[in-house]
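Asks: Before I ask anything, let me first share the structure, which is written out below as structure tokens.
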Protein chains: 2
Amino acid sequence: MSKESVSIGLSAAIVAVEGERPSVLVVAHDGAADALPFGPFDPAQQRTLESGLRKWVGEQTRFGLGYTEQLYTFGDKGRHESAAGTRVVSVGYLALTRQGKEAPETEWRGWYHYFPWEDWRDSKPAMIDSTILPALKKFVKDAPNAEAAELRRERVNVCFGEGWDEERVLERYELLYEAGLVEEFWRDSGRTNKGPSLGTPMLYDHRRILATAIARLRGKLKYRPVVFELMAPTFTLLELQRAVEALAGLRLHKQNFRRLVAEQGLVEGTGKFNAPVRGRPAELFRFRRVVLRERPAPGVRLGVRRSKAS
Amino acid sequence: MSKESVSIGLSAAIVAVEGERPSVLVVAHDGAADALPFGPFDPAQQRTLESGLRKWVGEQTRFGLGYTEQLYTFGDKGRHESAAGTRVVSVGYLALTRQGKEAPETEWRGWYHYFPWEDWRDSKPAMIDSTILPALKKFVKDAPNAEAAELRRERVNVCFGEGWDEERVLERYELLYEAGLVEEFWRDSGRTNKGPSLGTPMLYDHRRILATAIARLRGKLKYRPVVFELMAPTFTLLELQRAVEALAGLRLHKQNFRRLVAEQGLVEGTGKFNAPVRGRPAELFRFRRVVLRERPAPGVRLGVRRSKAS
DNA sequence: CGCATAATACTCATTTCGAGTATATATGTG
DNA sequence: CACATATATACTCGAAATGAGTATTATGCG
């Protein structure tokens with residue numbers, strides 16, 4: 001067995017929501033592609049991978065992390081190599097925080113810059129019908145044989161066909177990658193893209209890690225009360241709804257959303273009210289930490305709405 | 001930064017179901033603890049982590065893997081160290097297969113040997129009330145301070161309290177580990193256990209990886225048709241139900257289970273029937289692969305039953 | 001035939017879900 | 001102040017999903 005050294009890298013998709021904008025902390029040097037905060041894992045100093053993560057994220061970004069969750073470990077050759085030629089295996093994490101002032105070299109960026117097709121809040125993004133589906137149709141036709149074409153057709157249908165499943169963020173990104181619709185595909189294969197390039201590209205496989213993070217978060221929303229990690233200590237129900245909508249990329253039915261949240265005992269009123277610009281003042285609520293004890297799987301069930309009316 | 005070398009290990013929880021027994025492929029040397037098939041990742045030879053996995057699993061166990069899924073990457077100090085003292089970071093995988101003849105050195109072992117408290121099919125396992133809860137009560141009392149005690153109380157309640165959530169396999173194992181109720185805790189801390197030791201221990205952190213695998217599989221069952229990876233090409237609905245029950249560790253309501261499976265279009269009848277020992281013959285069904293195209297998130301929803309009757 | 005046993009079909013009450021209407025409380029405008 | 005507008009909150013309604021059960025059908029066996 002040959003002896004080639006491996007090093008472990010840690011990347012984190014650090015997510016916050018500000019009003020209606022879900023954002024991710026990126027390291028942006030001029031000219032170079034945006035990157036997720038990334039650091040090496042030092043086995044001599046750190047007892048666990050996660051403590052290593054917390055340490056250098058703290059150093060690099062001055063952020064205290066709240067909820068963190070490991071996402072996936074990527075070790076693909078060619079996707080990420082260190083200068084010395086050692087193989088880098090990167091472990092991706094999702095971390096939730098309240099948006100604060102970013103440290104030097106980093107900035108908050110709305111995550112739909114990277115995934116414009118994932119935001120269905122206003123309406124179905126036009127690019128899906130105008131660009132994505134035609135290009136994917138071609139991708140199906142270009143399959144090497146009939147069986148492969150059938151497989152591709154199924155994937156296209158599951159990802160972008162009838163019945164939008166907001167959780168399939170990674171599947172959609174991977175499909176667009178294979179179809180050559182995102183810049184990373186051309187960069188990784190060393191060729192030049194002559195077709196459309198969707199969304200803002202990122203360094204290495206960081207957009208894939210971010211896709212994994214969004215997918216995981218959208219799923220988790222429904223059965224664990226993770227949104228509250230992103231909210232201020234008190235908030236109105238509409239603010240909470242907007243945060244969930246921002247993350248899920250969908251509009252929710254207001255009345256039903258409040259019913260669900262209330263029924264599940266996720267929040268309690270504070271008796272105080274906000275001072276709205278117009279309209280009736282809304283009560284400020286806080287998260288009821290006790291539900292973690294009371295209910296086996298509390299989460300913000302979505303209560304999606306399918307019609308147009310509000 | 002000190003220079004300590006790291007190596008990557010790959011472990012796989014290879015799962016099959018035989019009748020009512022969910023089982024996992026283990027490497028069992030006499031005397032030594034059972035281990036998951038485990039091998040080093042050779043960065044020089046392998047392009048991706050998964051291809052590395054497939055290669056040595058094939059060599060060691062002669063098994064072709066079907067569905068595989070990465071689970072989690074563990075790097076805790078002390079939980080797994082190589083002879084040379086290098087730090088081993090292990091990437092765990094879940095793989096599903098149909099049970100066949102095992103290769104030398106490996107054998108199929110029912111996974112409830114390792115997690116006897118997870119099988120609620122007959123009834124709530126007696127050990128929970130007789131052993132686990134009393135010991136955990138003591139664990140809560142032994143907390144260093146009141147706040148820690150409260151945290152521990154919440155965890156105990158979520159893991160073993162009212163409302164069994166069959167997916168929390170990992171959380172429960174970790175809690176039992178910290179409370180010193182599984183052998184690995186004492187082995188890892190170099191002390192001798194004088195209290196109860198629950199379930200069969202495994203090498204290194206393999207039981208933790210297996211717990212992660214079971215948790216993931218139990219979750220996935222409900223929204224992806226993964227059970228069919230474990231079934232023969234044709235099967236009766238009761239066989240399918242028994243497989244799901246075996247994995248989930250719960251009994252389901254027969255009539256409702258068939259309604260769900262049928263309504264979702266997961267299976268189609270073959271027109272053939274089995275030859276039962278007694279009773280009316282059951283139709284043999286096969287998995288309808290097309291649902292992967294038709295429905296966004298097909299899965300075997302459970303239809304849990306809460307009463308005793310069949 | 002008359003059981004026992006299992007498969008399959010059908011019924012029913014309750015809960016959940018999506019959608020919508022109604023009412024309450026604020027601001028701003030003429 | 002009356003009224004339009006905007007937002008918050010409460011309540012209603014029908015359709016579908018869910019949990020639980022009864023009824024009927026098809027076998028083998030004594």
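Chain labels follow the order of the structure tokens: the first chain is A, the next B, and so on; residue numbering restarts at 1 in every chain, and ligands are counted from 1 in their shown order.
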Can you list every residue in stretch 155-286 of chain B that DSSP puts in helix (DSSP H, G or I), as a ChimeraX atom specification?
Replies: /B:155-160,169-178,183-189,206-221,227-230,237-248,254-263
Asks: Residues of chain D that approach chain A to 6 Å or less, counting only C-alpha atoms (C1' of nucleotides): could you list each one with the shortest pair of atoms and its distance in Å to one decimal, rows by chain and increasing residue number, as a tab-separated table?
Replies:
residue	atom	partner	partner_atom	distance
D:DA6	C1'	A:Gly279	CA	4.7
D:DT7	C1'	A:Gly279	CA	4.2
D:DA8	C1'	A:Arg280	CA	5.8
Asks: Go ahead and write the residues just picked, all heavy atoms, as a compact mmCIF listing (two decimals), in the first residue's frame.
Replies:
# COMPACT_ATOMS: atom_id res chain seq x y z
P DA D 6 -52.91 49.06 1.78
OP1 DA D 6 -51.80 49.57 0.96
OP2 DA D 6 -53.88 48.09 1.22
O5' DA D 6 -52.31 48.43 3.11
C5' DA D 6 -51.57 49.24 4.00
C4' DA D 6 -51.51 48.54 5.33
O4' DA D 6 -52.80 48.65 5.98
C3' DA D 6 -51.21 47.03 5.22
O3' DA D 6 -50.02 46.77 5.95
C2' DA D 6 -52.42 46.35 5.84
C1' DA D 6 -52.99 47.46 6.72
N9 DA D 6 -54.43 47.32 6.99
C8 DA D 6 -55.44 47.15 6.10
N7 DA D 6 -56.63 47.06 6.64
C5 DA D 6 -56.38 47.19 8.00
C6 DA D 6 -57.22 47.18 9.14
N6 DA D 6 -58.53 47.04 9.08
N1 DA D 6 -56.63 47.35 10.35
C2 DA D 6 -55.29 47.49 10.41
N3 DA D 6 -54.41 47.53 9.42
C4 DA D 6 -55.02 47.36 8.23
P DT D 7 -49.24 45.41 5.65
OP1 DT D 7 -47.83 45.79 5.48
OP2 DT D 7 -49.98 44.63 4.64
O5' DT D 7 -49.38 44.63 7.02
C5' DT D 7 -49.04 45.27 8.23
C4' DT D 7 -49.88 44.71 9.33
O4' DT D 7 -51.28 44.97 9.06
C3' DT D 7 -49.81 43.18 9.49
O3' DT D 7 -48.99 42.90 10.60
C2' DT D 7 -51.25 42.75 9.72
C1' DT D 7 -51.99 44.08 9.87
N1 DT D 7 -53.40 44.02 9.42
C2 DT D 7 -54.38 44.06 10.37
O2 DT D 7 -54.15 44.14 11.57
N3 DT D 7 -55.66 43.99 9.87
C4 DT D 7 -56.03 43.89 8.55
O4 DT D 7 -57.22 43.84 8.24
C5 DT D 7 -54.96 43.85 7.61
C7 DT D 7 -55.26 43.74 6.15
C6 DT D 7 -53.70 43.91 8.07
P DA D 8 -48.87 41.39 11.15
OP1 DA D 8 -47.59 41.36 11.88
OP2 DA D 8 -49.12 40.43 10.07
O5' DA D 8 -50.07 41.31 12.18
C5' DA D 8 -50.09 42.20 13.28
C4' DA D 8 -51.15 41.77 14.27
O4' DA D 8 -52.47 41.94 13.68
C3' DA D 8 -51.06 40.32 14.71
O3' DA D 8 -51.25 40.28 16.12
C2' DA D 8 -52.17 39.62 13.94
C1' DA D 8 -53.19 40.73 13.74
N9 DA D 8 -53.96 40.65 12.49
C8 DA D 8 -53.47 40.62 11.22
N7 DA D 8 -54.40 40.58 10.28
C5 DA D 8 -55.58 40.61 11.00
C6 DA D 8 -56.94 40.59 10.60
N6 DA D 8 -57.33 40.56 9.34
N1 DA D 8 -57.87 40.62 11.58
C2 DA D 8 -57.48 40.66 12.86
N3 DA D 8 -56.24 40.69 13.36
C4 DA D 8 -55.33 40.65 12.36
Asks: Please provide the set of residues having any atom within 8 Å of A:Pro43, restricted to only C-alpha atoms (C1' of nucleotides), with same-chain residues fewer than 3 positions apart removed, written as a list in words.
Replies: Gln46 and Arg47 of chain A; Glu4, Ser5, Val6 and Arg87 of chain B
Asks: When you get a sec, could you note down which chain C residues fall within 12 Å of chain A, using only C-alpha atoms (C1' of nucleotides), as a PyMOL selection string?
Replies: chain C and resi 16-21+24-28
Asks: How would you write, as a PyMOL selection string, the set of residues in stretch 77-258 of chain A that DSSP gives as strand (DSSP E)?
Replies: chain A and resi 87-96+106-110+234-235
Asks: Pull C-alpha atoms from the residues just selected and write them as a PDB file, in the first residue's frame.
Replies:
ATOM      1  CA  ARG A  87      -5.053  14.757  -0.246  1.00  0.00           C
ATOM      2  CA  VAL A  88      -7.574  16.825   1.652  1.00  0.00           C
ATOM      3  CA  VAL A  89     -10.682  15.172   2.992  1.00  0.00           C
ATOM      4  CA  SER A  90     -13.158  17.827   3.985  1.00  0.00           C
ATOM      5  CA  VAL A  91     -15.832  17.465   6.611  1.00  0.00           C
ATOM      6  CA  GLY A  92     -18.732  19.851   6.108  1.00  0.00           C
ATOM      7  CA  TYR A  93     -20.782  21.327   8.931  1.00  0.00           C
ATOM      8  CA  LEU A  94     -23.975  23.314   9.236  1.00  0.00           C
ATOM      9  CA  ALA A  95     -24.007  25.937  11.961  1.00  0.00           C
ATOM     10  CA  LEU A  96     -26.814  28.273  12.923  1.00  0.00           C
ATOM     11  CA  THR A 106     -15.851  37.512   5.589  1.00  0.00           C
ATOM     12  CA  GLU A 107     -19.297  38.696   4.665  1.00  0.00           C
ATOM     13  CA  TRP A 108     -22.906  37.618   4.823  1.00  0.00           C
ATOM     14  CA  ARG A 109     -24.377  36.748   1.498  1.00  0.00           C
ATOM     15  CA  GLY A 110     -27.945  35.749   0.667  1.00  0.00           C
ATOM     16  CA  THR A 234     -38.546  37.685  21.167  1.00  0.00           C
ATOM     17  CA  PHE A 235     -40.309  37.991  17.845  1.00  0.00           C
TER      18      PHE A 235
END
Asks: Might you pull out every residue within 7 Å of stretch 197-207 of chain A, with only C-alpha atoms (C1' of nucleotides) counted and same-chain residues fewer than 4 positions away left off, and present them as JSON, numbers by chain?
Replies: {"A": [33, 34, 35, 36, 79, 80, 113, 114, 115, 116, 181, 182, 183, 184, 211]}
Asks: Using only N, CA and C atoms, please write the residues we just selected to a file, as a PDB file, in the first residue's frame.
Replies:
ATOM      1  N   ALA A  33     -13.308  33.051  -6.282  1.00  0.00           N
ATOM      2  CA  ALA A  33     -14.675  32.628  -5.994  1.00  0.00           C
ATOM      3  C   ALA A  33     -14.934  32.669  -4.496  1.00  0.00           C
ATOM      4  N   ASP A  34     -16.195  32.886  -4.138  1.00  0.00           N
ATOM      5  CA  ASP A  34     -16.579  32.853  -2.722  1.00  0.00           C
ATOM      6  C   ASP A  34     -16.262  31.480  -2.141  1.00  0.00           C
ATOM      7  N   ALA A  35     -15.889  31.489  -0.861  1.00  0.00           N
ATOM      8  CA  ALA A  35     -15.591  30.222  -0.201  1.00  0.00           C
ATOM      9  C   ALA A  35     -16.290  30.171   1.143  1.00  0.00           C
ATOM     10  N   LEU A  36     -16.567  28.958   1.581  1.00  0.00           N
ATOM     11  CA  LEU A  36     -17.043  28.802   2.953  1.00  0.00           C
ATOM     12  C   LEU A  36     -15.833  28.929   3.867  1.00  0.00           C
ATOM     13  N   ARG A  79     -11.249  17.537  -6.549  1.00  0.00           N
ATOM     14  CA  ARG A  79     -12.168  18.583  -6.129  1.00  0.00           C
ATOM     15  C   ARG A  79     -11.503  19.539  -5.150  1.00  0.00           C
ATOM     16  N   HIS A  80     -10.470  19.042  -4.475  1.00  0.00           N
ATOM     17  CA  HIS A  80      -9.859  19.884  -3.460  1.00  0.00           C
ATOM     18  C   HIS A  80      -8.495  19.307  -3.115  1.00  0.00           C
ATOM     19  N   HIS A 113     -28.311  33.773  -3.922  1.00  0.00           N
ATOM     20  CA  HIS A 113     -27.336  34.121  -4.953  1.00  0.00           C
ATOM     21  C   HIS A 113     -26.740  32.866  -5.568  1.00  0.00           C
ATOM     22  N   TYR A 114     -26.538  31.887  -4.709  1.00  0.00           N
ATOM     23  CA  TYR A 114     -25.917  30.654  -5.189  1.00  0.00           C
ATOM     24  C   TYR A 114     -26.935  29.684  -5.774  1.00  0.00           C
ATOM     25  N   PHE A 115     -28.184  29.815  -5.319  1.00  0.00           N
ATOM     26  CA  PHE A 115     -29.236  28.895  -5.768  1.00  0.00           C
ATOM     27  C   PHE A 115     -30.495  29.674  -6.139  1.00  0.00           C
ATOM     28  N   PRO A 116     -30.446  30.477  -7.194  1.00  0.00           N
ATOM     29  CA  PRO A 116     -31.608  31.317  -7.521  1.00  0.00           C
ATOM     30  C   PRO A 116     -32.863  30.502  -7.847  1.00  0.00           C
ATOM     31  N   LEU A 181     -24.620  22.935 -16.154  1.00  0.00           N
ATOM     32  CA  LEU A 181     -25.311  24.214 -16.048  1.00  0.00           C
ATOM     33  C   LEU A 181     -24.756  25.109 -14.940  1.00  0.00           C
ATOM     34  N   VAL A 182     -23.828  24.569 -14.160  1.00  0.00           N
ATOM     35  CA  VAL A 182     -23.162  25.414 -13.167  1.00  0.00           C
ATOM     36  C   VAL A 182     -21.673  25.472 -13.491  1.00  0.00           C
ATOM     37  N   GLU A 183     -21.089  26.608 -13.156  1.00  0.00           N
ATOM     38  CA  GLU A 183     -19.714  26.885 -13.556  1.00  0.00           C
ATOM     39  C   GLU A 183     -18.725  25.833 -13.047  1.00  0.00           C
ATOM     40  N   GLU A 184     -18.978  25.324 -11.838  1.00  0.00           N
ATOM     41  CA  GLU A 184     -18.023  24.378 -11.249  1.00  0.00           C
ATOM     42  C   GLU A 184     -17.764  23.174 -12.146  1.00  0.00           C
ATOM     43  N   ALA A 211     -25.333  23.381  -0.584  1.00  0.00           N
ATOM     44  CA  ALA A 211     -26.582  22.727  -0.995  1.00  0.00           C
ATOM     45  C   ALA A 211     -26.987  21.671   0.026  1.00  0.00           C
TER      46      ALA A 211
END
Asks: Please, which residues of chain A lie no more than 6 Å from chain B when the count uses only C-alpha atoms, and can they be set out as a ChimeraX atom specification?
Replies: /A:44,47-49,75-77,154,158,293
Asks: Could you jot down the atom CA of A:Leu230 to atom CA of A:Leu170 separation for me, Å, one decimal place?
Replies: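 Atom-to-atom, atom CA of A:Leu230 to atom CA of A:Leu170, that is 22.1 Å.
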Asks: Measure the distance from atom CA of A:Leu210 to atom CA of A:Leu25 in Å and round it to one decimal.
Replies: 10.6 Å
Asks: Would you mind reading off the distance between atom CA of B:Gln99 and atom CA of B:Trp111, one decimal, in Å?
Replies: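 Value for the atom CA of B:Gln99-atom CA of B:Trp111 distance: 13.6 Å.
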Asks: Counting only C-alpha atoms (C1' of nucleotides), what is within 12 Å of C:DC3, bar same-chain residues fewer than 4 positions away, as a PyMOL selection string?
Replies: (chain B and resi 279) or (chain D and resi 28-30)
Asks: Could you save those same residues with C-alpha atoms (C1' of nucleotides) as a PDB file, in the first residue's frame?
Replies:
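Final output, saved to part-v9.pdb:
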ATOM      1  CA  GLY B 279     -54.470 -19.791   5.957  1.00  0.00           C
TER       2      GLY B 279
ATOM      3  C1'  DG D  28     -55.664 -26.695   4.838  1.00  0.00           C
ATOM      4  C1'  DC D  29     -56.882 -30.112   8.090  1.00  0.00           C
ATOM      5  C1'  DG D  30     -59.373 -33.392  10.938  1.00  0.00           C
TER       6       DG D  30
END
Asks: At a cut-off of 10 Å, using only C-alpha atoms (C1' of nucleotides), what residues contact B:Ala126? Leave out same-chain residues fewer than 5 positions from it and give the result as an MDAnalysis selection string.
Replies: chainID B and resid 116:117 120 131:132
Asks: Would you mind listing what lies within 12 Å of stretch 65-68 of chain A as a VMD selection string, with only C-alpha atoms (C1' of nucleotides) counted and same-chain residues fewer than 4 positions away left out?
Replies: chain A and resid 11 to 16 49 to 51 53 to 59 61 92 to 100 213 216 to 217 224 to 231
Asks: Generate the output file for the selected residues, N, CA and C atoms, as an mmCIF file, in the first residue's frame.
Replies:
data_model
loop_
_atom_site.group_PDB
_atom_site.id
_atom_site.type_symbol
_atom_site.label_atom_id
_atom_site.label_comp_id
_atom_site.auth_asym_id
_atom_site.auth_seq_id
_atom_site.Cartn_x
_atom_site.Cartn_y
_atom_site.Cartn_z
ATOM 1 N N SER A 11 -15.096 22.505 6.874
ATOM 2 C CA SER A 11 -15.788 23.649 6.280
ATOM 3 C C SER A 11 -17.102 23.828 7.002
ATOM 4 N N ALA A 12 -17.539 25.070 7.099
ATOM 5 C CA ALA A 12 -18.800 25.294 7.779
ATOM 6 C C ALA A 12 -19.695 26.205 6.969
ATOM 7 N N ALA A 13 -20.939 25.779 6.805
ATOM 8 C CA ALA A 13 -21.959 26.669 6.259
ATOM 9 C C ALA A 13 -22.616 27.317 7.470
ATOM 10 N N ILE A 14 -22.229 28.553 7.733
ATOM 11 C CA ILE A 14 -22.755 29.258 8.892
ATOM 12 C C ILE A 14 -23.931 30.102 8.421
ATOM 13 N N VAL A 15 -25.102 29.775 8.936
ATOM 14 C CA VAL A 15 -26.331 30.323 8.387
ATOM 15 C C VAL A 15 -27.004 31.267 9.376
ATOM 16 N N ALA A 16 -27.545 32.347 8.847
ATOM 17 C CA ALA A 16 -28.346 33.272 9.650
ATOM 18 C C ALA A 16 -29.501 33.757 8.789
ATOM 19 N N LEU A 49 -13.737 16.423 16.181
ATOM 20 C CA LEU A 49 -13.826 17.237 14.977
ATOM 21 C C LEU A 49 -14.594 18.516 15.272
ATOM 22 N N GLU A 50 -15.657 18.380 16.036
ATOM 23 C CA GLU A 50 -16.493 19.541 16.270
ATOM 24 C C GLU A 50 -15.802 20.594 17.125
ATOM 25 N N SER A 51 -14.995 20.160 18.094
ATOM 26 C CA SER A 51 -14.281 21.163 18.894
ATOM 27 C C SER A 51 -13.246 21.874 18.024
ATOM 28 N N LEU A 53 -13.655 22.496 14.875
ATOM 29 C CA LEU A 53 -14.448 23.444 14.102
ATOM 30 C C LEU A 53 -14.724 24.712 14.900
ATOM 31 N N ARG A 54 -15.222 24.527 16.111
ATOM 32 C CA ARG A 54 -15.573 25.682 16.932
ATOM 33 C C ARG A 54 -14.362 26.574 17.164
ATOM 34 N N LYS A 55 -13.195 25.948 17.339
ATOM 35 C CA LYS A 55 -12.015 26.726 17.640
ATOM 36 C C LYS A 55 -11.656 27.667 16.485
ATOM 37 N N TRP A 56 -11.488 27.106 15.292
ATOM 38 C CA TRP A 56 -11.017 28.026 14.247
ATOM 39 C C TRP A 56 -12.109 28.910 13.687
ATOM 40 N N VAL A 57 -13.368 28.482 13.781
ATOM 41 C CA VAL A 57 -14.426 29.410 13.370
ATOM 42 C C VAL A 57 -14.405 30.609 14.317
ATOM 43 N N GLY A 58 -14.228 30.342 15.596
ATOM 44 C CA GLY A 58 -14.118 31.422 16.562
ATOM 45 C C GLY A 58 -12.968 32.347 16.226
ATOM 46 N N GLU A 59 -11.824 31.760 15.898
ATOM 47 C CA GLU A 59 -10.659 32.584 15.574
ATOM 48 C C GLU A 59 -10.860 33.365 14.279
ATOM 49 N N THR A 61 -13.671 34.007 12.466
ATOM 50 C CA THR A 61 -14.839 34.849 12.215
ATOM 51 C C THR A 61 -15.355 35.548 13.461
ATOM 52 N N GLY A 92 -17.875 18.669 6.148
ATOM 53 C CA GLY A 92 -18.732 19.851 6.108
ATOM 54 C C GLY A 92 -19.661 19.921 7.300
ATOM 55 N N TYR A 93 -19.873 21.117 7.801
ATOM 56 C CA TYR A 93 -20.782 21.327 8.931
ATOM 57 C C TYR A 93 -21.815 22.388 8.600
ATOM 58 N N LEU A 94 -22.969 22.264 9.244
ATOM 59 C CA LEU A 94 -23.975 23.314 9.236
ATOM 60 C C LEU A 94 -23.985 23.942 10.618
ATOM 61 N N ALA A 95 -23.943 25.265 10.668
ATOM 62 C CA ALA A 95 -24.007 25.937 11.961
ATOM 63 C C ALA A 95 -25.016 27.064 11.870
ATOM 64 N N LEU A 96 -25.815 27.213 12.903
ATOM 65 C CA LEU A 96 -26.814 28.273 12.923
ATOM 66 C C LEU A 96 -26.396 29.349 13.922
ATOM 67 N N THR A 97 -26.644 30.586 13.563
ATOM 68 C CA THR A 97 -26.277 31.673 14.460
ATOM 69 C C THR A 97 -27.192 32.854 14.202
ATOM 70 N N ARG A 98 -27.121 33.848 15.087
ATOM 71 C CA ARG A 98 -27.842 35.074 14.792
ATOM 72 C C ARG A 98 -26.881 35.985 14.062
ATOM 73 N N GLN A 99 -27.372 36.604 13.015
ATOM 74 C CA GLN A 99 -26.480 37.402 12.194
ATOM 75 C C GLN A 99 -25.916 38.582 12.986
ATOM 76 N N GLY A 100 -24.611 38.723 12.968
ATOM 77 C CA GLY A 100 -23.980 39.844 13.653
ATOM 78 C C GLY A 100 -22.990 40.488 12.714
ATOM 79 N N ALA A 213 -26.237 21.701 3.129
ATOM 80 C CA ALA A 213 -26.657 22.411 4.338
ATOM 81 C C ALA A 213 -28.097 22.895 4.223
ATOM 82 N N ARG A 216 -30.531 19.967 4.375
ATOM 83 C CA ARG A 216 -30.658 19.438 5.718
ATOM 84 C C ARG A 216 -31.493 20.360 6.592
ATOM 85 N N LEU A 217 -31.240 21.654 6.444
ATOM 86 C CA LEU A 217 -31.961 22.621 7.268
ATOM 87 C C LEU A 217 -33.442 22.646 6.914
ATOM 88 N N ARG A 224 -37.860 19.586 13.949
ATOM 89 C CA ARG A 224 -37.136 20.067 15.115
ATOM 90 C C ARG A 224 -37.231 21.583 15.151
ATOM 91 N N PRO A 225 -37.349 22.144 16.340
ATOM 92 C CA PRO A 225 -37.517 23.599 16.419
ATOM 93 C C PRO A 225 -36.196 24.332 16.248
ATOM 94 N N VAL A 226 -35.577 24.163 15.099
ATOM 95 C CA VAL A 226 -34.285 24.802 14.868
ATOM 96 C C VAL A 226 -34.378 26.264 14.466
ATOM 97 N N VAL A 227 -35.529 26.687 13.905
ATOM 98 C CA VAL A 227 -35.641 28.094 13.488
ATOM 99 C C VAL A 227 -35.290 29.030 14.609
ATOM 100 N N PHE A 228 -35.647 28.634 15.829
ATOM 101 C CA PHE A 228 -35.500 29.552 16.947
ATOM 102 C C PHE A 228 -34.043 29.902 17.221
ATOM 103 N N GLU A 229 -33.140 29.062 16.749
ATOM 104 C CA GLU A 229 -31.713 29.371 16.871
ATOM 105 C C GLU A 229 -31.362 30.608 16.044
ATOM 106 N N LEU A 230 -32.233 30.901 15.071
ATOM 107 C CA LEU A 230 -31.946 32.002 14.160
ATOM 108 C C LEU A 230 -32.714 33.268 14.519
ATOM 109 N N MET A 231 -33.621 33.157 15.492
ATOM 110 C CA MET A 231 -34.474 34.293 15.829
ATOM 111 C C MET A 231 -33.890 35.067 17.011
#
